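Please read the structure below before turning to the comments.
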Amino acid sequence: MIFLLPYNPGGHAAYQDSFVSDFLKFYPNPFVLSKDTWDYIVQFWYLDLSLTDTIMQECYSVFGPEPRLPSCMLRSYLLALKLKVTSITQWCRMLRETPLYAILSGFSFGDTPGVGTFYDFFSRIWKGDSNHLSPNDRFPKCKVPKGKKTGEKTPCDSNSVASKLLPLLQRWNIKPEHPFFLIFQLYRQQFLSKSIADGLIDVKHLALAGDGTPLRTAAQQRSKRLCNCKKKECSSCHCKRHDTQPDCNWGWDSHRNCYFFGYHLYMYVASDSHNDLPVFPLLERASRHDMLSFLHSFFTMNAYLKEYRITKLLLDSAQDAYPVYEYCRNHEMIPFIDLNPGNTGHFKYKNDITIDKDGVPICPLGLRMHKDGHELAKYRAKYRCPLANRKRGCFCEHPCSDAKYGRTVHIYQSDNPRLFNVPPRDSKEWKMEYKKRTSVERSNKREKEDYKLEDGRHRSTKMWYCRLYGILMLQHLDAWETPSIKEFPQSLLSCPT
């Protein structure tokens with residue numbers, strides 16, 4: 001019996017040798033190529049994807065024709081994303097017409113895969129019987145309510161949602177059995193792990209920035225009636241319909257101030273990395289609020305990345321809820337969450353001391369007290385009289401304390417974990433750390449604008465996850481150090497053919 005599983009005994013070195021011989025055959029003078037072309041040639045020359053062949057051994061049968069190497073298929077798809085090609089049909093035509101794209105993918109020019117081979121590869125890395133997560137036959141739902149003012153998100157009681165859902169997710173042991181599990185393994189073992197090994201991400205003290213962004217997949221919802229209500233002159237029935245994208249629905253885009261049909265992409269980024277490197281994504285329904293997407297994606301990420309130790313969590317005001325702060329405190333994470341302006345105000349704290357909207361005590365005269373340090377061990381911050389200093393003491397005309405140094409107030413995080421942060425919100429340390437939350441917004445910008453994530457012509461969750469993880473792989477690839485482009489062509493010419 002002949003075993004026809006994908007087998008590459010030479011590994012990445014064999015790919016480099018075949019590329020050199022074929023490249024110099026079609027391009028005897030490589031210096032005529034542009035600098036942009038050499039940019040991705042150098043990147044893919046050093047990109048070792050030989051582990052793909054080992055990981056995907058179980059996805060192939062020992063019977064049938066000899067398959068294409070999975071490493072070459074993945075490399076070719078990443079090259080298509082790098083060149084911003086949105087159609088697999090168009091990419092297959094480019095492989096047949098351009099020798100550079102074929103040999104850089106790992107194929108021989110004139111012997112490149114067809115459209116069906118690529119889609120067969122996508123089906124192999126998607127561990128699910130269906131291309132979707134939900135059944136196609138679903139009841140129609142109304143659009144989510146939009147914000148009352150321009151720029152406002154979908155109305156949601158974040159505190160109530162978090163208090164009900166967070167304890168449930170803590171008890172529910174989520175298992176890493178999602179259909180994108182194999183795609184995630186390819187991404188994690190060959191890209192995320194290398195970035196960690198190169199010191200770009202510190203998983204022992206991981207600072208995570210999370211944010212959701214709309215992912216528009218179509219201009220309108222495509223569904224087909226399964227009932228005869230229209231013949232009965234009932235055009236607004238609520239019977240089941242056959243949806244081509246059952247995992248997508250209508251959501252409200254507060255930034256563009258319009259409705260959109262698609263997903264709600266929630267992304268986690270290592271905020272301490274200089275390259276805004278992504279860590280974990282999850283596609284949620286477009287109608288979901290940021291709080292719902294955050295809770296579901298966060299516990300799903302913990303199931304896939306159990307060994308990562310998260311020490312800081314940077315979120316926007318949509319996740320401003322008491323249960324989130326309590327969870328962070330119980331799991332030794334420092335929350336850096338912006339306050340929701342709709343849930344702030346002055347309230348009485350101790351005797352005649354009130355608290356400002358950002359957690360700073362206000363003295364009886366109505367002045368904001370000065371921060372005088374914080375104690376991480378006791379989870380408290382110290383504030384002193386605003387009209388006092390160490391040299392003159394208290395020089396207030398109406399002192400509220402007999403102490404020479406003036407009135408002091410200790411703010412304990414346990415009294416109000418939402419307002420009383422350690423470090424305090426008015427400190428430079430908190431502000432400098434929270435500025436890093438923009439890393440997730442820059443990462444989303446790279447995915448949606450630089451790599452044209454929304455331009456994918458797909459109608460299945462399987463293909464959207466393949467495209468999404470392929471773009472994440474390229475983001476890590478762009479962050480890795482590669483040799484100088486000026487020196488690489490000369491070294492290529494010196495290689496034995």
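All residue names refer to the structure tokens as shown: chains lettered A, B, ... in order, residues numbered from 1 in each chain, ligands numbered from 1 in order.
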
Skipping near chain neighbours, those fewer than 5 positions away, what residues fall within 8 Å of stretch 10-13 of chain A using only C-alpha atoms, listed as a VMD selection string? chain A and resid 48 to 50

Same residues, N, CA and C atoms, output as an mmCIF file, in the first residue's frame:
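What ended up in out-v9.cif:
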data_model
loop_
_atom_site.group_PDB
_atom_site.id
_atom_site.type_symbol
_atom_site.label_atom_id
_atom_site.label_comp_id
_atom_site.auth_asym_id
_atom_site.auth_seq_id
_atom_site.Cartn_x
_atom_site.Cartn_y
_atom_site.Cartn_z
ATOM 1 N N ASP A 48 9.152 30.107 7.780
ATOM 2 C CA ASP A 48 9.185 28.646 7.895
ATOM 3 C C ASP A 48 7.796 28.134 8.275
ATOM 4 N N LEU A 49 7.136 27.474 7.332
ATOM 5 C CA LEU A 49 5.808 26.906 7.551
ATOM 6 C C LEU A 49 5.821 25.382 7.496
ATOM 7 N N SER A 50 6.997 24.783 7.676
ATOM 8 C CA SER A 50 7.098 23.330 7.567
ATOM 9 C C SER A 50 6.304 22.614 8.649
#

Report as CSV the residues of stretch 52-164 of chain A within 10 Å of stretch 279-288 of chain A, each with its shortest atom pair and distance in Å (one decimal), using only C-alpha atoms, ordered by chain and increasing residue number.
residue,atom,partner,partner_atom,distance
A:Cys142,CA,A:Ser287,CA,9.9
A:Lys143,CA,A:Ser287,CA,7.6
A:Val144,CA,A:Ser287,CA,6.0
A:Pro145,CA,A:Ser287,CA,9.1
A:Thr154,CA,A:Ser287,CA,8.4
A:Cys156,CA,A:Arg288,CA,9.7

Counting only C-alpha atoms, which of A:His242, A:His331, A:Lys153, A:His255 gets nearest to A:Met291? A:Lys153

Please give the complete set of residues from stretch 275-421 of chain A that DSSP, run on the backbone, assigns to strand (DSSP E or B), formatted as a ChimeraX atom specification. /A:278-285,310-315,334-337,347-350,353-355,361-362,368,370-375,380-384,388-389,393-394,408-412

Quick one: residues within 12 Å of A:Ile41, only C-alpha atoms counted, chain neighbours fewer than 2 positions away excluded, as a count of residues only? 33

List the spatial neighbours of A:Glu375 as an MDAnalysis selection string - criterion: any atom at most 10 Å away, only C-alpha atoms, same-chain residues fewer than 6 positions off excluded. chainID A and resid 381:382 412 422:423

Output for the residues just chosen: C-alpha atoms as a CSV table (one decimal), in the first residue's frame:
chain,number,residue,atom,x,y,z
A,381,ALA,CA,-4.7,55.5,47.7
A,382,LYS,CA,-3.9,58.5,49.9
A,412,TYR,CA,-10.0,51.9,49.6
A,422,VAL,CA,-5.0,51.5,42.1
A,423,PRO,CA,-3.3,53.4,40.5

Pick out the residues sitting within 8 Å of stretch 261-266 of chain A, and hand them over as a compact mmCIF listing (two decimals) with C-alpha atoms, in the first residue's frame; count only C-alpha atoms, and ignore anything fewer than 3 positions along from it in its own chain.
# COMPACT_ATOMS: atom_id res chain seq x y z
CA GLY A 210 -9.64 44.65 24.00
CA ASP A 211 -12.10 46.34 21.69
CA GLY A 212 -14.88 45.46 19.26
CA THR A 213 -15.24 46.69 15.72
CA PRO A 214 -17.95 46.23 13.05
CA LEU A 215 -17.13 43.76 10.28
CA ARG A 216 -19.38 44.39 7.28
CA THR A 217 -19.79 41.31 5.07
CA ALA A 218 -22.67 42.28 2.79
CA ALA A 219 -24.82 45.25 1.83
CA GLN A 220 -28.05 43.42 2.62
CA GLN A 221 -29.32 40.27 4.25
CA ASP A 247 -24.10 33.75 11.79
CA CYS A 248 -24.48 37.37 10.66
CA ASN A 249 -27.21 39.86 11.47
CA TRP A 250 -27.84 43.59 11.64
CA GLY A 251 -25.86 45.77 14.02
CA PRO A 281 -9.94 37.34 17.88
CA LEU A 282 -13.54 36.15 17.92
CA LEU A 283 -16.38 36.83 15.50
CA GLU A 284 -19.61 37.63 17.33
CA ARG A 285 -23.02 38.57 15.99
CA ALA A 286 -23.26 42.17 14.83
CA SER A 287 -26.19 42.85 17.16
CA ARG A 288 -24.18 42.06 20.27
CA SER A 293 -18.78 40.21 23.09
CA PHE A 294 -16.11 40.96 25.68
CA SER A 297 -14.48 36.26 23.85

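The nearest approach to A:Thr300 among the residues A:Thr461, A:Gln170, A:Thr354, A:Ser158, with only C-alpha atoms taken into account, belongs to A:Gln170.
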
From the options A:Ser254, A:Gln245, A:Ser439, A:Asn131, which residue's atoms come nearest to A:Ala207, counting only C-alpha atoms?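 Closest residue, counting only C-alpha atoms: A:Ser439.
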
Counting only C-alpha atoms, the option among A:His238, A:Val161, A:Ser273, A:Leu387 closest to A:Leu292: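 Answer, going by the shortest atom-to-atom distance: A:Val161.
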
For A:Gln90, which residue among A:Gly114, A:Ile411, A:Arg68, A:Leu295 is the nearest when counting only C-alpha atoms?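 Closest candidate: A:Gly114.
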
One decimal, in Å: what's the spacing between atom CA of A:Lys371 and atom CA of A:His205? 27.0 Å

Please indicate the distance in Å from atom CA of A:His398 to atom CA of A:Gly366, rounded to one decimal place. 12.3 Å

Calculate how many Å separate atom CA of A:Val203 from atom CA of A:Arg309, rounding to one decimal.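 Atom CA of A:Arg309 lies at a distance of 6.0 Å from atom CA of A:Val203.
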
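Considering the residues A:Leu51, A:Ile471, A:Pro28, A:Asp22 and counting only C-alpha atoms, A:Asn8 has its shortest atom-to-atom contact with A:Leu51.
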
Per-residue DSSP, stretch 286-481 of chain A, filtered to helix (DSSP H, G or I), as an NGL selection string: :A and (290-304 or 317-319 or 322-330 or 341-343 or 428-450 or 453-455 or 461-479)

Give me the residues near A:Arg446 as a PDB file with all heavy atoms, in the first residue's frame, where near means some atom within 12 Å (using only C-alpha atoms) and where sequence neighbours in that chain fewer than 3 positions away do not count.
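Done, and the output landed in result08.pdb:
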ATOM      1  N   LYS A  82      -1.234  39.183   1.231  1.00  0.00           N
ATOM      2  CA  LYS A  82      -0.195  40.219   1.251  1.00  0.00           C
ATOM      3  C   LYS A  82      -0.323  41.151   0.051  1.00  0.00           C
ATOM      4  O   LYS A  82      -0.113  42.365   0.154  1.00  0.00           O
ATOM      5  CB  LYS A  82       1.183  39.550   1.243  1.00  0.00           C
ATOM      6  CG  LYS A  82       2.347  40.501   1.424  1.00  0.00           C
ATOM      7  CD  LYS A  82       2.423  40.991   2.849  1.00  0.00           C
ATOM      8  CE  LYS A  82       3.650  41.855   3.078  1.00  0.00           C
ATOM      9  NZ  LYS A  82       3.726  42.366   4.467  1.00  0.00           N
ATOM     10  N   ASN A 275       4.587  46.640  18.192  1.00  0.00           N
ATOM     11  CA  ASN A 275       4.015  46.439  16.863  1.00  0.00           C
ATOM     12  C   ASN A 275       2.512  46.214  16.902  1.00  0.00           C
ATOM     13  O   ASN A 275       1.927  45.823  15.893  1.00  0.00           O
ATOM     14  CB  ASN A 275       4.694  45.242  16.188  1.00  0.00           C
ATOM     15  CG  ASN A 275       6.204  45.337  16.214  1.00  0.00           C
ATOM     16  OD1 ASN A 275       6.856  44.855  17.135  1.00  0.00           O
ATOM     17  ND2 ASN A 275       6.772  45.985  15.222  1.00  0.00           N
ATOM     18  N   ASP A 276       1.877  46.429  18.070  1.00  0.00           N
ATOM     19  CA  ASP A 276       0.424  46.234  18.212  1.00  0.00           C
ATOM     20  C   ASP A 276       0.019  44.839  17.746  1.00  0.00           C
ATOM     21  O   ASP A 276      -0.873  44.659  16.905  1.00  0.00           O
ATOM     22  CB  ASP A 276      -0.351  47.294  17.423  1.00  0.00           C
ATOM     23  CG  ASP A 276       0.073  48.705  17.785  1.00  0.00           C
ATOM     24  OD1 ASP A 276       0.375  48.933  18.960  1.00  0.00           O
ATOM     25  OD2 ASP A 276       0.102  49.573  16.883  1.00  0.00           O
ATOM     26  N   LEU A 277       0.690  43.823  18.280  1.00  0.00           N
ATOM     27  CA  LEU A 277       0.488  42.458  17.811  1.00  0.00           C
ATOM     28  C   LEU A 277      -0.807  41.875  18.350  1.00  0.00           C
ATOM     29  O   LEU A 277      -1.075  41.934  19.555  1.00  0.00           O
ATOM     30  CB  LEU A 277       1.667  41.574  18.236  1.00  0.00           C
ATOM     31  CG  LEU A 277       2.995  41.892  17.541  1.00  0.00           C
ATOM     32  CD1 LEU A 277       4.099  40.987  18.055  1.00  0.00           C
ATOM     33  CD2 LEU A 277       2.851  41.746  16.034  1.00  0.00           C
ATOM     34  N   PRO A 278      -1.623  41.274  17.482  1.00  0.00           N
ATOM     35  CA  PRO A 278      -2.868  40.641  17.938  1.00  0.00           C
ATOM     36  C   PRO A 278      -2.590  39.346  18.676  1.00  0.00           C
ATOM     37  O   PRO A 278      -1.607  38.656  18.398  1.00  0.00           O
ATOM     38  CB  PRO A 278      -3.625  40.392  16.630  1.00  0.00           C
ATOM     39  CG  PRO A 278      -2.560  40.260  15.602  1.00  0.00           C
ATOM     40  CD  PRO A 278      -1.456  41.186  16.027  1.00  0.00           C
ATOM     41  N   SER A 439      -3.697  50.718  20.968  1.00  0.00           N
ATOM     42  CA  SER A 439      -3.008  49.683  20.185  1.00  0.00           C
ATOM     43  C   SER A 439      -4.006  48.765  19.496  1.00  0.00           C
ATOM     44  O   SER A 439      -3.792  48.343  18.353  1.00  0.00           O
ATOM     45  CB  SER A 439      -2.073  48.873  21.084  1.00  0.00           C
ATOM     46  OG  SER A 439      -2.800  48.236  22.125  1.00  0.00           O
ATOM     47  N   VAL A 440      -5.117  48.451  20.169  1.00  0.00           N
ATOM     48  CA  VAL A 440      -6.108  47.572  19.556  1.00  0.00           C
ATOM     49  C   VAL A 440      -6.829  48.294  18.421  1.00  0.00           C
ATOM     50  O   VAL A 440      -7.215  47.667  17.419  1.00  0.00           O
ATOM     51  CB  VAL A 440      -7.108  47.062  20.620  1.00  0.00           C
ATOM     52  CG1 VAL A 440      -7.955  48.183  21.179  1.00  0.00           C
ATOM     53  CG2 VAL A 440      -7.999  45.973  20.042  1.00  0.00           C
ATOM     54  N   GLU A 441      -6.990  49.590  18.511  1.00  0.00           N
ATOM     55  CA  GLU A 441      -7.616  50.348  17.424  1.00  0.00           C
ATOM     56  C   GLU A 441      -6.690  50.418  16.219  1.00  0.00           C
ATOM     57  O   GLU A 441      -7.147  50.331  15.075  1.00  0.00           O
ATOM     58  CB  GLU A 441      -7.977  51.746  17.917  1.00  0.00           C
ATOM     59  CG  GLU A 441      -9.012  51.746  19.040  1.00  0.00           C
ATOM     60  CD  GLU A 441      -9.269  53.130  19.577  1.00  0.00           C
ATOM     61  OE1 GLU A 441      -8.545  54.066  19.176  1.00  0.00           O
ATOM     62  OE2 GLU A 441     -10.195  53.287  20.412  1.00  0.00           O
ATOM     63  N   ARG A 442      -5.386  50.560  16.465  1.00  0.00           N
ATOM     64  CA  ARG A 442      -4.430  50.553  15.348  1.00  0.00           C
ATOM     65  C   ARG A 442      -4.365  49.173  14.696  1.00  0.00           C
ATOM     66  O   ARG A 442      -4.231  49.056  13.471  1.00  0.00           O
ATOM     67  CB  ARG A 442      -3.049  50.968  15.839  1.00  0.00           C
ATOM     68  CG  ARG A 442      -2.941  52.436  16.233  1.00  0.00           C
ATOM     69  CD  ARG A 442      -1.500  52.839  16.458  1.00  0.00           C
ATOM     70  NE  ARG A 442      -0.913  52.141  17.583  1.00  0.00           N
ATOM     71  CZ  ARG A 442      -0.930  52.586  18.836  1.00  0.00           C
ATOM     72  NH1 ARG A 442      -1.539  53.726  19.116  1.00  0.00           N
ATOM     73  NH2 ARG A 442      -0.359  51.908  19.813  1.00  0.00           N
ATOM     74  N   SER A 443      -4.464  48.129  15.514  1.00  0.00           N
ATOM     75  CA  SER A 443      -4.461  46.771  14.967  1.00  0.00           C
ATOM     76  C   SER A 443      -5.700  46.532  14.099  1.00  0.00           C
ATOM     77  O   SER A 443      -5.602  45.962  13.007  1.00  0.00           O
ATOM     78  CB  SER A 443      -4.406  45.752  16.105  1.00  0.00           C
ATOM     79  OG  SER A 443      -4.429  44.424  15.606  1.00  0.00           O
ATOM     80  N   GLU A 449      -8.187  48.152   6.884  1.00  0.00           N
ATOM     81  CA  GLU A 449      -7.813  49.094   5.838  1.00  0.00           C
ATOM     82  C   GLU A 449      -6.557  48.658   5.087  1.00  0.00           C
ATOM     83  O   GLU A 449      -6.531  48.669   3.856  1.00  0.00           O
ATOM     84  CB  GLU A 449      -7.615  50.494   6.426  1.00  0.00           C
ATOM     85  CG  GLU A 449      -8.889  51.090   7.021  1.00  0.00           C
ATOM     86  CD  GLU A 449      -8.702  52.523   7.467  1.00  0.00           C
ATOM     87  OE1 GLU A 449      -7.686  53.147   7.079  1.00  0.00           O
ATOM     88  OE2 GLU A 449      -9.552  53.029   8.226  1.00  0.00           O
ATOM     89  N   ASP A 450      -5.505  48.286   5.823  1.00  0.00           N
ATOM     90  CA  ASP A 450      -4.257  47.905   5.151  1.00  0.00           C
ATOM     91  C   ASP A 450      -4.383  46.557   4.447  1.00  0.00           C
ATOM     92  O   ASP A 450      -3.872  46.389   3.327  1.00  0.00           O
ATOM     93  CB  ASP A 450      -3.108  47.860   6.161  1.00  0.00           C
ATOM     94  CG  ASP A 450      -2.832  49.225   6.775  1.00  0.00           C
ATOM     95  OD1 ASP A 450      -3.432  50.212   6.304  1.00  0.00           O
ATOM     96  OD2 ASP A 450      -2.041  49.318   7.726  1.00  0.00           O
ATOM     97  N   TYR A 451      -5.026  45.584   5.115  1.00  0.00           N
ATOM     98  CA  TYR A 451      -5.157  44.245   4.527  1.00  0.00           C
ATOM     99  C   TYR A 451      -6.562  43.953   3.996  1.00  0.00           C
ATOM    100  O   TYR A 451      -6.843  42.805   3.643  1.00  0.00           O
ATOM    101  CB  TYR A 451      -4.749  43.188   5.549  1.00  0.00           C
ATOM    102  CG  TYR A 451      -3.248  43.061   5.697  1.00  0.00           C
ATOM    103  CD1 TYR A 451      -2.599  43.444   6.858  1.00  0.00           C
ATOM    104  CD2 TYR A 451      -2.477  42.572   4.648  1.00  0.00           C
ATOM    105  CE1 TYR A 451      -1.223  43.333   6.988  1.00  0.00           C
ATOM    106  CE2 TYR A 451      -1.100  42.470   4.759  1.00  0.00           C
ATOM    107  CZ  TYR A 451      -0.473  42.851   5.937  1.00  0.00           C
ATOM    108  OH  TYR A 451       0.885  42.742   6.040  1.00  0.00           O
ATOM    109  N   LYS A 452      -7.423  44.962   3.941  1.00  0.00           N
ATOM    110  CA  LYS A 452      -8.725  44.850   3.279  1.00  0.00           C
ATOM    111  C   LYS A 452      -9.544  43.673   3.788  1.00  0.00           C
ATOM    112  O   LYS A 452     -10.047  42.853   3.004  1.00  0.00           O
ATOM    113  CB  LYS A 452      -8.530  44.727   1.755  1.00  0.00           C
ATOM    114  CG  LYS A 452      -7.652  45.791   1.137  1.00  0.00           C
ATOM    115  CD  LYS A 452      -8.268  47.172   1.259  1.00  0.00           C
ATOM    116  CE  LYS A 452      -7.402  48.234   0.612  1.00  0.00           C
ATOM    117  NZ  LYS A 452      -7.959  49.595   0.750  1.00  0.00           N
ATOM    118  N   LEU A 453      -9.700  43.580   5.097  1.00  0.00           N
ATOM    119  CA  LEU A 453     -10.437  42.460   5.675  1.00  0.00           C
ATOM    120  C   LEU A 453     -11.875  42.410   5.169  1.00  0.00           C
ATOM    121  O   LEU A 453     -12.395  41.335   4.834  1.00  0.00           O
ATOM    122  CB  LEU A 453     -10.422  42.567   7.207  1.00  0.00           C
ATOM    123  CG  LEU A 453     -11.277  41.561   7.981  1.00  0.00           C
ATOM    124  CD1 LEU A 453     -10.829  40.131   7.696  1.00  0.00           C
ATOM    125  CD2 LEU A 453     -11.214  41.847   9.478  1.00  0.00           C
ATOM    126  N   GLU A 454     -12.534  43.553   5.083  1.00  0.00           N
ATOM    127  CA  GLU A 454     -13.942  43.586   4.699  1.00  0.00           C
ATOM    128  C   GLU A 454     -14.165  43.362   3.201  1.00  0.00           C
ATOM    129  O   GLU A 454     -15.315  43.223   2.770  1.00  0.00           O
ATOM    130  CB  GLU A 454     -14.575  44.907   5.124  1.00  0.00           C
ATOM    131  CG  GLU A 454     -14.692  45.079   6.623  1.00  0.00           C
ATOM    132  CD  GLU A 454     -15.352  46.386   7.011  1.00  0.00           C
ATOM    133  OE1 GLU A 454     -15.011  47.421   6.398  1.00  0.00           O
ATOM    134  OE2 GLU A 454     -16.210  46.384   7.902  1.00  0.00           O
ATOM    135  N   LEU A 468      -9.456  36.056   8.334  1.00  0.00           N
ATOM    136  CA  LEU A 468      -9.074  36.803   9.522  1.00  0.00           C
ATOM    137  C   LEU A 468      -7.755  36.297  10.094  1.00  0.00           C
ATOM    138  O   LEU A 468      -6.842  37.093  10.371  1.00  0.00           O
ATOM    139  CB  LEU A 468     -10.185  36.704  10.576  1.00  0.00           C
ATOM    140  CG  LEU A 468      -9.889  37.301  11.954  1.00  0.00           C
ATOM    141  CD1 LEU A 468      -9.603  38.801  11.845  1.00  0.00           C
ATOM    142  CD2 LEU A 468     -11.049  37.052  12.903  1.00  0.00           C
ATOM    143  N   ILE A 471      -4.714  37.175   7.999  1.00  0.00           N
ATOM    144  CA  ILE A 471      -4.268  38.558   8.181  1.00  0.00           C
ATOM    145  C   ILE A 471      -3.512  38.702   9.505  1.00  0.00           C
ATOM    146  O   ILE A 471      -2.509  39.428   9.590  1.00  0.00           O
ATOM    147  CB  ILE A 471      -5.474  39.506   8.106  1.00  0.00           C
ATOM    148  CG1 ILE A 471      -6.033  39.531   6.675  1.00  0.00           C
ATOM    149  CG2 ILE A 471      -5.102  40.909   8.560  1.00  0.00           C
ATOM    150  CD1 ILE A 471      -7.282  40.349   6.507  1.00  0.00           C
ATOM    151  N   LEU A 472      -3.958  38.016  10.559  1.00  0.00           N
ATOM    152  CA  LEU A 472      -3.236  38.065  11.830  1.00  0.00           C
ATOM    153  C   LEU A 472      -1.831  37.488  11.669  1.00  0.00           C
ATOM    154  O   LEU A 472      -0.867  37.987  12.270  1.00  0.00           O
ATOM    155  CB  LEU A 472      -3.995  37.287  12.910  1.00  0.00           C
ATOM    156  CG  LEU A 472      -5.405  37.752  13.272  1.00  0.00           C
ATOM    157  CD1 LEU A 472      -5.888  37.041  14.531  1.00  0.00           C
ATOM    158  CD2 LEU A 472      -5.466  39.252  13.470  1.00  0.00           C
ATOM    159  N   LEU A 474      -0.014  37.605   9.008  1.00  0.00           N
ATOM    160  CA  LEU A 474       0.797  38.607   8.315  1.00  0.00           C
ATOM    161  C   LEU A 474       1.188  39.751   9.236  1.00  0.00           C
ATOM    162  O   LEU A 474       2.272  40.331   9.092  1.00  0.00           O
ATOM    163  CB  LEU A 474       0.025  39.145   7.107  1.00  0.00           C
ATOM    164  CG  LEU A 474      -0.203  38.156   5.957  1.00  0.00           C
ATOM    165  CD1 LEU A 474      -1.017  38.810   4.858  1.00  0.00           C
ATOM    166  CD2 LEU A 474       1.115  37.650   5.405  1.00  0.00           C
ATOM    167  N   GLN A 475       0.343  40.094  10.191  1.00  0.00           N
ATOM    168  CA  GLN A 475       0.702  41.141  11.145  1.00  0.00           C
ATOM    169  C   GLN A 475       1.909  40.724  11.982  1.00  0.00           C
ATOM    170  O   GLN A 475       2.790  41.543  12.261  1.00  0.00           O
ATOM    171  CB  GLN A 475      -0.489  41.449  12.064  1.00  0.00           C
ATOM    172  CG  GLN A 475      -1.607  42.231  11.378  1.00  0.00           C
ATOM    173  CD  GLN A 475      -2.725  42.579  12.338  1.00  0.00           C
ATOM    174  OE1 GLN A 475      -3.757  41.915  12.375  1.00  0.00           O
ATOM    175  NE2 GLN A 475      -2.526  43.613  13.114  1.00  0.00           N
ATOM    176  N   HIS A 476       1.947  39.466  12.390  1.00  0.00           N
ATOM    177  CA  HIS A 476       3.123  38.979  13.118  1.00  0.00           C
ATOM    178  C   HIS A 476       4.335  38.906  12.196  1.00  0.00           C
ATOM    179  O   HIS A 476       5.452  39.236  12.610  1.00  0.00           O
ATOM    180  CB  HIS A 476       2.824  37.597  13.718  1.00  0.00           C
ATOM    181  CG  HIS A 476       1.967  37.650  14.947  1.00  0.00           C
ATOM    182  ND1 HIS A 476       2.491  37.707  16.224  1.00  0.00           N
ATOM    183  CD2 HIS A 476       0.619  37.667  15.086  1.00  0.00           C
ATOM    184  CE1 HIS A 476       1.499  37.738  17.103  1.00  0.00           C
ATOM    185  NE2 HIS A 476       0.361  37.720  16.438  1.00  0.00           N
ATOM    186  N   ASP A 478       5.041  40.791   9.684  1.00  0.00           N
ATOM    187  CA  ASP A 478       5.567  42.140   9.464  1.00  0.00           C
ATOM    188  C   ASP A 478       6.391  42.639  10.645  1.00  0.00           C
ATOM    189  O   ASP A 478       7.238  43.524  10.477  1.00  0.00           O
ATOM    190  CB  ASP A 478       4.410  43.111   9.205  1.00  0.00           C
ATOM    191  CG  ASP A 478       3.704  42.834   7.891  1.00  0.00           C
ATOM    192  OD1 ASP A 478       4.310  42.188   7.024  1.00  0.00           O
ATOM    193  OD2 ASP A 478       2.530  43.251   7.745  1.00  0.00           O
TER     194      ASP A 478
END
